[in-house]
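Dumped work27.cif below, it's mmCIF, C-alpha atoms:
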data_target
loop_
_atom_site.group_PDB
_atom_site.id
_atom_site.type_symbol
_atom_site.label_atom_id
_atom_site.label_comp_id
_atom_site.auth_asym_id
_atom_site.auth_seq_id
_atom_site.Cartn_x
_atom_site.Cartn_y
_atom_site.Cartn_z
ATOM 1 C CA MET D 1 35.022 -2.829 26.806
ATOM 2 C CA ALA D 2 32.420 -5.045 28.441
ATOM 3 C CA THR D 3 30.783 -2.021 30.074
ATOM 4 C CA ARG D 4 30.653 -0.210 26.739
ATOM 5 C CA THR D 5 29.061 -3.242 25.070
ATOM 6 C CA LEU D 6 26.356 -3.441 27.709
ATOM 7 C CA THR D 7 25.680 0.286 27.334
ATOM 8 C CA VAL D 8 25.229 -0.039 23.583
ATOM 9 C CA GLU D 9 22.913 -3.019 23.985
ATOM 10 C CA ALA D 10 20.828 -1.165 26.576
ATOM 11 C CA ALA D 11 20.559 1.883 24.318
ATOM 12 C CA THR D 12 19.470 -0.099 21.281
ATOM 13 C CA ARG D 13 17.159 -2.549 23.030
ATOM 14 C CA ILE D 14 13.557 -2.129 21.828
ATOM 15 C CA PRO D 15 10.739 -2.836 24.308
ATOM 16 C CA PRO D 16 8.252 -5.585 23.447
ATOM 17 C CA ARG D 17 5.666 -3.017 22.359
ATOM 18 C CA PRO D 18 6.814 0.587 21.772
ATOM 19 C CA TRP D 19 4.141 3.262 21.661
ATOM 20 C CA TRP D 20 3.746 3.207 17.864
ATOM 21 C CA GLU D 21 2.765 -0.465 18.076
ATOM 22 C CA THR D 22 0.125 -0.003 20.749
ATOM 23 C CA TRP D 23 -3.562 -0.326 20.001
ATOM 24 C CA TRP D 24 -4.290 3.301 20.851
ATOM 25 C CA CYS D 25 -1.724 4.522 18.315
ATOM 26 C CA ILE D 26 -3.056 2.212 15.608
ATOM 27 C CA ALA D 27 -6.625 3.297 16.406
ATOM 28 C CA LEU D 28 -5.605 6.959 16.184
ATOM 29 C CA ALA D 29 -3.962 6.363 12.815
ATOM 30 C CA LEU D 30 -7.041 4.570 11.482
ATOM 31 C CA LEU D 31 -9.240 7.403 12.735
ATOM 32 C CA LEU D 32 -7.086 9.892 10.835
ATOM 33 C CA VAL D 33 -7.471 7.769 7.718
ATOM 34 C CA ALA D 34 -11.245 7.586 8.172
ATOM 35 C CA ALA D 35 -11.790 11.291 8.804
ATOM 36 C CA PRO D 36 -11.803 12.502 5.150
ATOM 37 C CA SER D 37 -14.159 9.726 4.024
ATOM 38 C CA LEU D 38 -16.503 10.361 6.928
ATOM 39 C CA ALA D 39 -16.524 14.083 6.187
ATOM 40 C CA ALA D 40 -17.353 13.390 2.549
ATOM 41 C CA ALA D 41 -19.804 10.482 2.757
ATOM 42 C CA GLY D 42 -20.854 10.177 6.396
ATOM 43 C CA PHE D 43 -21.343 7.037 8.576
ATOM 44 C CA THR D 44 -24.143 5.270 6.145
ATOM 45 C CA SER D 45 -21.736 4.950 3.390
ATOM 46 C CA ALA D 46 -19.884 1.642 2.885
ATOM 47 C CA LEU D 47 -17.169 3.438 0.928
ATOM 48 C CA SER D 48 -16.038 5.123 4.143
ATOM 49 C CA ALA D 49 -14.863 1.767 5.464
ATOM 50 C CA MET D 50 -12.652 0.903 2.490
ATOM 51 C CA PRO D 51 -9.756 3.289 3.295
ATOM 52 C CA VAL D 52 -9.808 2.203 6.937
ATOM 53 C CA LEU D 53 -9.675 -1.479 6.020
ATOM 54 C CA SER D 54 -6.885 -0.774 3.534
ATOM 55 C CA ALA D 55 -4.903 1.124 6.174
ATOM 56 C CA ALA D 56 -5.395 -1.739 8.631
ATOM 57 C CA ALA D 57 -4.098 -4.121 5.960
ATOM 58 C CA MET D 58 -1.017 -1.908 5.542
ATOM 59 C CA VAL D 59 -0.292 -1.979 9.265
ATOM 60 C CA TRP D 60 -0.737 -5.743 9.270
ATOM 61 C CA LEU D 61 1.531 -6.078 6.237
ATOM 62 C CA SER D 62 4.266 -4.163 8.059
ATOM 63 C CA ARG D 63 3.859 -6.477 11.045
ATOM 64 C CA VAL D 64 3.997 -9.612 8.902
ATOM 65 C CA ALA D 65 6.932 -8.538 6.721
ATOM 66 C CA HIS D 66 9.162 -7.192 9.501
ATOM 67 C CA GLY D 67 8.045 -9.102 12.556
ATOM 68 C CA ARG D 68 6.766 -5.900 14.170
ATOM 69 C CA ILE D 69 5.134 -2.668 13.033
ATOM 70 C CA GLN D 70 7.748 -0.257 11.762
ATOM 71 C CA PRO D 71 7.502 3.429 12.746
ATOM 72 C CA SER D 72 7.876 4.433 9.098
ATOM 73 C CA ALA D 73 4.792 2.383 8.132
ATOM 74 C CA TYR D 74 2.506 5.299 8.964
ATOM 75 C CA PHE D 75 3.950 7.215 5.997
ATOM 76 C CA ALA D 76 2.091 4.739 3.760
ATOM 77 C CA LEU D 77 -1.341 5.137 5.353
ATOM 78 C CA PRO D 78 -2.403 8.304 3.438
ATOM 79 C CA PHE D 79 -2.351 6.204 0.267
ATOM 80 C CA ALA D 80 -5.153 4.051 1.719
ATOM 81 C CA ASP D 81 -7.569 6.761 0.597
ATOM 82 C CA ARG D 82 -6.922 5.623 -2.981
ATOM 83 C CA PHE D 83 -8.263 2.100 -2.281
ATOM 84 C CA SER D 84 -11.968 2.808 -2.608
ATOM 85 C CA THR D 85 -13.353 -0.571 -3.706
ATOM 86 C CA PRO D 86 -13.623 -3.907 -1.877
ATOM 87 C CA GLY D 87 -11.492 -5.581 -4.558
ATOM 88 C CA GLN D 88 -8.578 -3.212 -4.009
ATOM 89 C CA THR D 89 -8.767 -3.651 -0.249
ATOM 90 C CA LEU D 90 -8.949 -7.444 -0.577
ATOM 91 C CA THR D 91 -5.874 -7.385 -2.790
ATOM 92 C CA LEU D 92 -3.781 -5.649 -0.154
ATOM 93 C CA ALA D 93 -5.114 -7.803 2.672
ATOM 94 C CA GLY D 94 -4.683 -10.925 0.551
ATOM 95 C CA PHE D 95 -1.007 -10.180 -0.004
ATOM 96 C CA ALA D 96 -0.486 -9.750 3.745
ATOM 97 C CA LEU D 97 -2.332 -13.020 4.386
ATOM 98 C CA TRP D 98 -0.170 -14.814 1.813
ATOM 99 C CA LEU D 99 2.987 -13.763 3.646
ATOM 100 C CA ARG D 100 1.462 -14.591 7.013
ATOM 101 C CA LEU D 101 0.652 -18.168 5.974
ATOM 102 C CA ALA D 102 4.103 -18.859 4.544
ATOM 103 C CA ARG D 103 4.728 -21.617 7.109
ATOM 104 C CA TRP D 104 1.542 -23.457 6.170
ATOM 105 C CA PRO D 105 1.680 -23.918 2.360
ATOM 106 C CA TRP D 106 -1.157 -26.412 2.047
ATOM 107 C CA PRO D 107 -3.751 -24.506 4.112
ATOM 108 C CA ARG D 108 -2.639 -21.357 2.284
ATOM 109 C CA ALA D 109 -3.158 -23.018 -1.088
ATOM 110 C CA ALA D 110 -6.661 -24.120 -0.125
ATOM 111 C CA ALA D 111 -7.569 -20.677 1.208
ATOM 112 C CA PHE D 112 -6.299 -18.794 -1.814
ATOM 113 C CA ALA D 113 -7.931 -21.143 -4.289
ATOM 114 C CA LEU D 114 -11.192 -19.674 -2.976
ATOM 115 C CA LEU D 115 -9.969 -16.174 -2.159
ATOM 116 C CA SER D 116 -8.500 -15.611 -5.623
ATOM 117 C CA GLY D 117 -11.910 -16.179 -7.211
ATOM 118 C CA LEU D 118 -13.516 -13.784 -4.731
ATOM 119 C CA ILE D 119 -10.969 -11.071 -5.491
ATOM 120 C CA TYR D 120 -11.360 -11.629 -9.230
ATOM 121 C CA ALA D 121 -15.127 -11.293 -8.948
ATOM 122 C CA ALA D 122 -14.729 -8.043 -7.034
ATOM 123 C CA ASP D 123 -11.945 -6.561 -9.153
ATOM 124 C CA ALA D 124 -10.134 -8.348 -12.000
ATOM 125 C CA THR D 125 -7.293 -5.817 -11.947
ATOM 126 C CA GLY D 126 -6.908 -6.369 -8.219
ATOM 127 C CA TRP D 127 -6.506 -10.099 -8.785
ATOM 128 C CA LEU D 128 -3.840 -9.402 -11.419
ATOM 129 C CA CYS D 129 -1.992 -7.158 -8.963
ATOM 130 C CA LEU D 130 -2.198 -9.841 -6.278
ATOM 131 C CA LEU D 131 -0.793 -12.412 -8.680
ATOM 132 C CA ALA D 132 2.067 -10.086 -9.626
ATOM 133 C CA THR D 133 2.956 -9.203 -6.040
ATOM 134 C CA VAL D 134 2.813 -12.807 -4.848
ATOM 135 C CA PHE D 135 4.998 -13.996 -7.726
ATOM 136 C CA ALA D 136 7.555 -11.242 -7.128
ATOM 137 C CA ALA D 137 7.613 -11.911 -3.373
ATOM 138 C CA GLU D 138 8.087 -15.648 -3.882
ATOM 139 C CA LEU D 139 10.813 -14.951 -6.447
ATOM 140 C CA ALA D 140 12.642 -12.788 -3.900
ATOM 141 C CA ARG D 141 12.189 -15.473 -1.256
ATOM 142 C CA GLU D 142 13.608 -18.202 -3.475
ATOM 143 C CA ARG D 143 16.479 -16.017 -4.609
ATOM 144 C CA ALA D 144 17.488 -15.380 -0.993
ATOM 145 C CA VAL D 145 17.997 -19.107 -0.340
ATOM 146 C CA GLU D 146 21.673 -20.077 -0.319
ATOM 147 C CA ARG D 147 23.252 -23.508 -0.350
ATOM 148 C CA GLU D 148 26.979 -23.818 0.207
ATOM 149 C CA GLY D 149 27.347 -20.092 -0.384
ATOM 150 C CA LEU D 150 25.569 -20.196 -3.749
ATOM 151 C CA ARG D 151 22.134 -18.889 -4.642
ATOM 152 C CA ARG D 152 19.648 -20.645 -6.867
ATOM 153 C CA PRO D 153 19.704 -19.556 -10.525
ATOM 154 C CA TRP D 154 16.987 -17.173 -11.677
ATOM 155 C CA SER D 155 15.375 -19.848 -13.844
ATOM 156 C CA ALA D 156 14.946 -22.224 -10.908
ATOM 157 C CA CYS D 157 13.680 -19.387 -8.694
ATOM 158 C CA GLY D 158 11.175 -18.357 -11.333
ATOM 159 C CA TRP D 159 9.867 -21.895 -11.693
ATOM 160 C CA ARG D 160 9.469 -22.315 -7.947
ATOM 161 C CA ALA D 161 7.735 -18.936 -7.645
ATOM 162 C CA ALA D 162 5.338 -19.785 -10.478
ATOM 163 C CA ARG D 163 4.539 -23.137 -8.876
ATOM 164 C CA ALA D 164 3.800 -21.402 -5.577
ATOM 165 C CA CYS D 165 1.314 -19.126 -7.377
ATOM 166 C CA LEU D 166 -0.803 -22.024 -8.688
ATOM 167 C CA PRO D 167 -3.523 -21.496 -6.023
ATOM 168 C CA LEU D 168 -4.101 -18.056 -7.570
ATOM 169 C CA ALA D 169 -4.425 -19.458 -11.086
ATOM 170 C CA PRO D 170 -8.144 -20.488 -11.296
ATOM 171 C CA PRO D 171 -9.314 -17.060 -12.560
ATOM 172 C CA LEU D 172 -7.011 -17.520 -15.563
ATOM 173 C CA VAL D 173 -9.818 -19.490 -17.207
ATOM 174 C CA MET D 174 -11.617 -16.148 -17.557
ATOM 175 C CA LEU D 175 -8.673 -14.547 -19.331
ATOM 176 C CA PRO D 176 -10.152 -14.966 -22.855
ATOM 177 C CA THR D 177 -13.083 -12.787 -21.814
ATOM 178 C CA TRP D 178 -10.859 -9.824 -20.996
ATOM 179 C CA ARG D 179 -11.164 -6.897 -23.356
ATOM 180 C CA LEU D 180 -7.745 -5.365 -23.615
ATOM 181 C CA GLY D 181 -7.005 -2.217 -25.531
ATOM 182 C CA GLY D 182 -4.894 -2.178 -28.658
ATOM 183 C CA PRO D 183 -1.342 -0.839 -29.061
ATOM 184 C CA ASP D 184 -2.651 2.655 -29.728
ATOM 185 C CA ASP D 185 -4.570 2.652 -26.447
ATOM 186 C CA TRP D 186 -1.497 1.524 -24.552
ATOM 187 C CA LEU D 187 0.783 4.092 -26.159
ATOM 188 C CA GLY D 188 -1.761 6.807 -25.509
ATOM 189 C CA SER D 189 -2.003 5.876 -21.839
ATOM 190 C CA LEU D 190 1.766 6.181 -21.362
ATOM 191 C CA ALA D 191 1.479 9.951 -21.557
ATOM 192 C CA VAL D 192 -0.742 10.161 -18.462
ATOM 193 C CA LYS D 193 0.926 7.489 -16.312
ATOM 194 C CA PRO D 194 3.729 9.715 -14.958
ATOM 195 C CA GLY D 195 1.021 12.038 -13.704
ATOM 196 C CA TRP D 196 -0.639 9.208 -11.771
ATOM 197 C CA LEU D 197 2.689 8.483 -10.073
ATOM 198 C CA THR D 198 3.565 12.073 -9.184
ATOM 199 C CA MET D 199 0.026 12.898 -8.062
ATOM 200 C CA ALA D 200 -0.775 9.642 -6.296
ATOM 201 C CA LEU D 201 -2.007 11.729 -3.350
ATOM 202 C CA GLY D 202 -4.104 13.998 -5.578
ATOM 203 C CA ASN D 203 -6.653 16.151 -3.778
ATOM 204 C CA HIS D 204 -8.038 19.626 -4.471
ATOM 205 C CA TRP D 205 -4.823 21.528 -3.703
ATOM 206 C CA PRO D 206 -2.110 20.629 -6.225
ATOM 207 C CA ILE D 207 0.651 22.502 -4.396
ATOM 208 C CA LEU D 208 0.057 20.628 -1.142
ATOM 209 C CA ASP D 209 -0.262 17.311 -2.981
ATOM 210 C CA ALA D 210 2.995 17.910 -4.850
ATOM 211 C CA ALA D 211 4.748 18.891 -1.621
ATOM 212 C CA CYS D 212 3.520 15.710 0.086
ATOM 213 C CA MET D 213 4.784 13.583 -2.795
ATOM 214 C CA ILE D 214 8.161 15.306 -2.510
ATOM 215 C CA VAL D 215 8.213 14.314 1.168
ATOM 216 C CA VAL D 216 7.395 10.709 0.221
ATOM 217 C CA ALA D 217 10.157 10.684 -2.395
ATOM 218 C CA LEU D 218 12.639 12.077 0.144
ATOM 219 C CA VAL D 219 11.655 9.432 2.715
ATOM 220 C CA ILE D 220 12.217 6.623 0.209
ATOM 221 C CA HIS D 221 15.480 8.189 -0.994
ATOM 222 C CA LYS D 222 16.711 8.665 2.578
ATOM 223 C CA SER D 223 15.926 5.056 3.451
ATOM 224 C CA TYR D 224 18.221 3.818 0.699
ATOM 225 C CA ARG D 225 21.046 6.265 1.387
ATOM 226 C CA ASP D 226 21.069 5.943 5.168
ATOM 227 C CA ARG D 227 22.604 2.768 6.581
ATOM 228 C CA ARG D 228 20.308 2.980 9.584
ATOM 229 C CA PHE D 229 17.530 1.638 7.370
ATOM 230 C CA VAL D 230 17.145 -1.662 5.557
ATOM 231 C CA HIS D 231 14.347 -3.008 3.378
ATOM 232 C CA ALA D 232 12.207 -6.135 3.255
ATOM 233 C CA PRO D 233 13.186 -7.776 -0.078
ATOM 234 C CA MET D 234 9.762 -9.329 -0.633
ATOM 235 C CA LEU D 235 7.967 -5.988 -0.333
ATOM 236 C CA VAL D 236 10.529 -4.281 -2.549
ATOM 237 C CA ALA D 237 10.055 -6.957 -5.198
ATOM 238 C CA ALA D 238 6.264 -6.680 -4.909
ATOM 239 C CA GLY D 239 6.481 -2.913 -5.358
ATOM 240 C CA PHE D 240 8.573 -3.298 -8.503
ATOM 241 C CA ALA D 241 6.072 -5.850 -9.808
ATOM 242 C CA LEU D 242 3.252 -3.336 -9.432
ATOM 243 C CA VAL D 243 5.290 -0.738 -11.290
ATOM 244 C CA VAL D 244 5.658 -3.219 -14.157
ATOM 245 C CA VAL D 245 1.920 -3.910 -14.110
ATOM 246 C CA PHE D 246 1.238 -0.179 -14.021
ATOM 247 C CA ILE D 247 3.410 0.445 -17.066
ATOM 248 C CA ALA D 248 2.217 -2.591 -19.026
ATOM 249 C CA ALA D 249 -1.489 -2.073 -18.354
ATOM 250 C CA PRO D 250 -3.470 -0.868 -21.382
ATOM 251 C CA ASN D 251 -5.859 2.048 -21.549
ATOM 252 C CA GLY D 252 -8.227 2.230 -18.591
ATOM 253 C CA VAL D 253 -5.510 1.398 -16.055
ATOM 254 C CA ASP D 254 -6.641 1.101 -12.465
ATOM 255 C CA THR D 255 -5.555 4.296 -10.727
ATOM 256 C CA ALA D 256 -4.907 2.394 -7.468
ATOM 257 C CA ILE D 257 -1.898 0.536 -8.887
ATOM 258 C CA ALA D 258 0.470 3.501 -8.635
ATOM 259 C CA PRO D 259 -0.458 4.359 -5.008
ATOM 260 C CA ALA D 260 -0.151 0.674 -4.081
ATOM 261 C CA ALA D 261 3.371 0.501 -5.508
ATOM 262 C CA ILE D 262 4.429 3.606 -3.559
ATOM 263 C CA ALA D 263 2.802 2.284 -0.390
ATOM 264 C CA LEU D 264 4.736 -0.990 -0.676
ATOM 265 C CA ALA D 265 7.970 0.977 -1.108
ATOM 266 C CA LEU D 266 7.245 2.802 2.155
ATOM 267 C CA LEU D 267 6.142 -0.346 3.968
ATOM 268 C CA SER D 268 9.373 -2.100 2.973
ATOM 269 C CA ILE D 269 11.451 0.295 5.108
ATOM 270 C CA ARG D 270 12.779 -1.120 8.365
ATOM 271 C CA CYS D 271 14.993 0.471 11.009
ATOM 272 C CA ASN D 272 18.338 -1.197 11.489
ATOM 273 C CA ALA D 273 18.650 -3.244 14.659
ATOM 274 C CA ARG D 274 21.138 -0.741 16.100
ATOM 275 C CA VAL D 275 18.853 2.294 15.733
ATOM 276 C CA LYS D 276 18.005 3.638 19.183
ATOM 277 C CA LEU D 277 14.470 3.769 20.500
ATOM 278 C CA ARG D 278 14.489 7.576 20.531
ATOM 279 C CA ARG D 279 15.345 7.729 16.833
ATOM 280 C CA ARG D 280 12.594 5.247 16.020
ATOM 281 C CA GLY D 281 10.159 7.378 17.973
ATOM 282 C CA GLU D 282 11.179 10.435 15.953
ATOM 283 C CA VAL D 283 10.441 8.551 12.747
ATOM 284 C CA ALA D 284 7.038 7.519 14.103
ATOM 285 C CA TRP D 285 6.172 11.093 15.121
ATOM 286 C CA ALA D 286 7.180 12.378 11.686
ATOM 287 C CA ALA D 287 5.063 9.709 9.965
ATOM 288 C CA LEU D 288 2.027 10.436 12.153
ATOM 289 C CA ALA D 289 2.433 14.177 11.550
ATOM 290 C CA PHE D 290 2.449 13.522 7.809
ATOM 291 C CA LEU D 291 -0.690 11.402 8.176
ATOM 292 C CA ALA D 292 -2.379 14.114 10.266
ATOM 293 C CA ILE D 293 -1.621 16.790 7.659
ATOM 294 C CA ARG D 294 -3.138 14.652 4.936
ATOM 295 C CA SER D 295 -6.162 13.915 7.120
ATOM 296 C CA VAL D 296 -6.818 17.592 7.885
ATOM 297 C CA ALA D 297 -6.403 18.473 4.213
ATOM 298 C CA GLY D 298 -8.812 15.703 3.239
ATOM 299 C CA VAL D 299 -11.449 16.862 5.732
ATOM 300 C CA ALA D 300 -11.118 20.479 4.572
ATOM 301 C CA SER D 301 -11.354 19.385 0.951
ATOM 302 C CA ALA D 302 -14.459 17.300 1.659
ATOM 303 C CA ALA D 303 -16.080 20.206 3.526
ATOM 304 C CA GLU D 304 -15.286 22.544 0.641
ATOM 305 C CA ALA D 305 -16.785 20.115 -1.875
ATOM 306 C CA ARG D 306 -19.882 19.623 0.292
ATOM 307 C CA ASP D 307 -20.405 23.377 0.676
ATOM 308 C CA PHE D 308 -19.994 23.831 -3.056
ATOM 309 C CA GLY D 309 -22.600 21.135 -3.696
ATOM 310 C CA VAL D 310 -25.056 22.780 -1.300
ATOM 311 C CA THR D 311 -24.518 26.133 -2.986
ATOM 312 C CA VAL D 312 -25.135 24.687 -6.426
ATOM 313 C CA SER D 313 -28.216 22.854 -5.183
ATOM 314 C CA GLN D 314 -29.647 25.988 -3.600
ATOM 315 C CA ALA D 315 -28.931 27.981 -6.728
ATOM 316 C CA GLY D 316 -30.771 25.395 -8.812
ATOM 317 C CA LEU D 317 -33.795 25.385 -6.493
ATOM 318 C CA SER D 318 -34.009 29.180 -6.418
ATOM 319 C CA HIS D 319 -35.011 29.246 -10.074
ATOM 320 C CA PRO D 320 -38.122 27.327 -11.103
ATOM 321 C CA PRO D 321 -37.790 25.138 -14.199
ATOM 322 C CA ASP D 322 -40.046 27.473 -16.240
ATOM 323 C CA ALA D 323 -37.753 30.401 -15.575
ATOM 324 C CA ARG D 324 -34.681 28.695 -16.991
#
Would you give me this structure, written as structure tokens?
Amino acid sequence: MATRTLTVEAATRIPPRPWWETWWCIALALLLVAAPSLAAAGFTSALSAMPVLSAAAMVWLSRVAHGRIQPSAYFALPFADRFSTPGQTLTLAGFALWLRLARWPWPRAAAFALLSGLIYAADATGWLCLLATVFAAELARERAVEREGLRRPWSACGWRAARACLPLAPPLVMLPTWRLGGPDDWLGSLAVKPGWLTMALGNHWPILDAACMIVVALVIHKSYRDRRFVHAPMLVAAGFALVVVFIAAPNGVDTAIAPAAIALALLSIRCNARVKLRRRGEVAWAALAFLAIRSVAGVASAAEARDFGVTVSQAGLSHPPDAR
């Protein structure tokens, strides 16, 4: 029995830094994320850096939430292409920073009193998403606390979570200046929101995009049905909060909310402690293959769009204005 126990422990022991947590693997993943943007906009464009920074924030968020980068985290990186503004990237990085500074509440409060205003100035919707994710994460944290076998009531958890979010509250003074749509605008936007969810990886090839979303749905479904996987409650709660924001948002909803919610669902997945290293490696290879397919498709799509633009430009120059 003792020999069998030692064998199981040796088989399930994870090295301090498996290959999917090494710098070369992370750099390769970020390069795959950057490839479509570089093919479309080139190296002078600041927009090319936004997906890379968002992907780096996702990797960091996996490290902060789970204690180490999960092999399944690379499934979420293709969604970084949907974070194209500094405000959206700051929102994702801000959420990771909030979790990272959990042990230092006062320095965190001081930092986010300033950071919340910066995010609001860059993207008001991004600040709202940060507020929602932080509140949901703190609610999940408070709910997990047990005393004498009993959990805190939801009312007490909600109050504590709201109090923790006070450093993010300064932009609320600008709330009266928001121009929200009416009920008709909100009802009209409900018809298009399912499309934003199902085509969160939208590109120029609908069949490939739909197939990739089916893969994402199967990964999430498998993670909940298979006991070899568990989930980080704070990321799950944050993902649900973004879904609520996505549904409740009026007309003109930020199209990055839906991809962010799906990315958080993927980042919440964690391998059970008893999953062997070989199985974890298989998950990492599958995730990187998925990322590579999306990267190649993005580069091909960008090249196709660039060639089409050159063709149109040449066609326009071949006819003088007087001949039109």
**Request:** Enumerate, as a ChimeraX atom specification, the residues matched when the PyMOL selection byres ((chain D and resi 161) around 8) is run on the file above.
**Result:** /D:135-136,138-139,142,157-160,162-165
**Message:** Show me, as a PyMOL selection string, the residues that have an atom within 10 Å of D:Val236 when counting only C-alpha atoms, minus same-chain residues fewer than 4 positions from it.
**Reply:** chain D and resi 133+136-137+140+231-232+240-241+261+264-269
**Message:** Residues near D:Glu282, anyone? I mean within 10 Å using only C-alpha atoms, not counting same-chain ones fewer than 6 positions away, as a ChimeraX atom specification.
**Reply:** /D:71-72,288
**Prompt:** Contacts of D:Cys25 at 12 Å or less, counting only C-alpha atoms, minus same-chain residues fewer than 6 places along, as a ChimeraX atom specification?
**Reply:** /D:17-19,31-32,59,69,71,74,284-285,287-288
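In this comparison, which uses all atoms listed in the file, the residue of D:Thr91, D:Pro105, D:Leu97, D:Arg228 approaching D:Ala121 most closely is D:Thr91.
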**Request:** Any chance you could resolve the PyMOL selection byres ((chain D and resi 80) around 12) against this file and give the residues as number ranges by chain?
**Result:** D: 29-30, 32-34, 36-37, 48-59, 73-79, 81-85, 88-89, 92-93, 200-201, 256-264, 291, 294-295
**Request:** Rounded to one decimal place, report the atom CA of D:Arg63-atom CA of D:Pro233 distance in Å.
**Result:**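 Going from atom CA of D:Arg63 over to atom CA of D:Pro233, I get 14.6 Å.
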**Coordinates-based distance that separates atom CA of D:Ala40 from atom CA of D:Ala303 (Å, one decimal)** =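 One can read the atom CA of D:Ala303 to atom CA of D:Ala40 distance as 7.0 Å.
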Give me the box for stretch 109-116 of chain D as AutoDock Vina command-line options, namely the centre and edge lengths in Å to one decimal of a box along x, y and z that holds every listed atom plus 4 Å on each side.
--center_x -7.2 --center_y -19.9 --center_z -2.2 --size_x 16.0 --size_y 16.5 --size_z 14.8
**Fill in**
For D:Val275, the closest of D:Phe229, D:Trp106, D:Tyr224, D:Trp196 counting only C-alpha atoms is D:Phe229
**Fill in**
From atom CA of D:Leu131 to atom CA of D:Pro171 the spacing works out at 10.5 Å
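A distance cut-off of 10 Å around (5.9, 15.5, 5.6), counting all atoms listed in the file, selects these protein and nucleic acid residues: Phe75, Ala211, Cys212, Met213, Ile214, Val215, Val216, Leu218, Val219, Ala286, Ala287, Leu288, Ala289, Phe290, Leu291, Ala292, Ile293 and Arg294 of chain D.
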Determine the residue set returned by the PyMOL selection byres ((chain D and resi 108) around 12) for the present structure, and present it as a PDB file with C-alpha atoms, in the frame of the given file.
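Once written, out_25.pdb looks like this:
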ATOM      1  CA  GLY D  94      -4.683 -10.925   0.551  1.00  0.00           C
ATOM      2  CA  PHE D  95      -1.007 -10.180  -0.004  1.00  0.00           C
ATOM      3  CA  ALA D  96      -0.486  -9.750   3.745  1.00  0.00           C
ATOM      4  CA  LEU D  97      -2.332 -13.020   4.386  1.00  0.00           C
ATOM      5  CA  TRP D  98      -0.170 -14.814   1.813  1.00  0.00           C
ATOM      6  CA  LEU D  99       2.987 -13.763   3.646  1.00  0.00           C
ATOM      7  CA  ARG D 100       1.462 -14.591   7.013  1.00  0.00           C
ATOM      8  CA  LEU D 101       0.652 -18.168   5.974  1.00  0.00           C
ATOM      9  CA  ALA D 102       4.103 -18.859   4.544  1.00  0.00           C
ATOM     10  CA  ARG D 103       4.728 -21.617   7.109  1.00  0.00           C
ATOM     11  CA  TRP D 104       1.542 -23.457   6.170  1.00  0.00           C
ATOM     12  CA  PRO D 105       1.680 -23.918   2.360  1.00  0.00           C
ATOM     13  CA  TRP D 106      -1.157 -26.412   2.047  1.00  0.00           C
ATOM     14  CA  PRO D 107      -3.751 -24.506   4.112  1.00  0.00           C
ATOM     15  CA  ALA D 109      -3.158 -23.018  -1.088  1.00  0.00           C
ATOM     16  CA  ALA D 110      -6.661 -24.120  -0.125  1.00  0.00           C
ATOM     17  CA  ALA D 111      -7.569 -20.677   1.208  1.00  0.00           C
ATOM     18  CA  PHE D 112      -6.299 -18.794  -1.814  1.00  0.00           C
ATOM     19  CA  ALA D 113      -7.931 -21.143  -4.289  1.00  0.00           C
ATOM     20  CA  LEU D 114     -11.192 -19.674  -2.976  1.00  0.00           C
ATOM     21  CA  LEU D 115      -9.969 -16.174  -2.159  1.00  0.00           C
ATOM     22  CA  SER D 116      -8.500 -15.611  -5.623  1.00  0.00           C
ATOM     23  CA  ALA D 164       3.800 -21.402  -5.577  1.00  0.00           C
ATOM     24  CA  CYS D 165       1.314 -19.126  -7.377  1.00  0.00           C
ATOM     25  CA  LEU D 166      -0.803 -22.024  -8.688  1.00  0.00           C
ATOM     26  CA  PRO D 167      -3.523 -21.496  -6.023  1.00  0.00           C
ATOM     27  CA  LEU D 168      -4.101 -18.056  -7.570  1.00  0.00           C
TER      28      LEU D 168
END
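Comparing D:Leu187, D:Glu21, D:Arg143, D:Leu208 by their smallest distance to D:Gly281, the closest is D:Glu21 (using all atoms listed in the file).
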**Message:** From the options D:Ser301, D:Gln70, D:Thr255, D:Ser155, which residue's atoms come nearest to D:Lys193, counting all atoms listed in the file?
**Reply:**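 For D:Lys193, the nearest of the candidates is D:Thr255.
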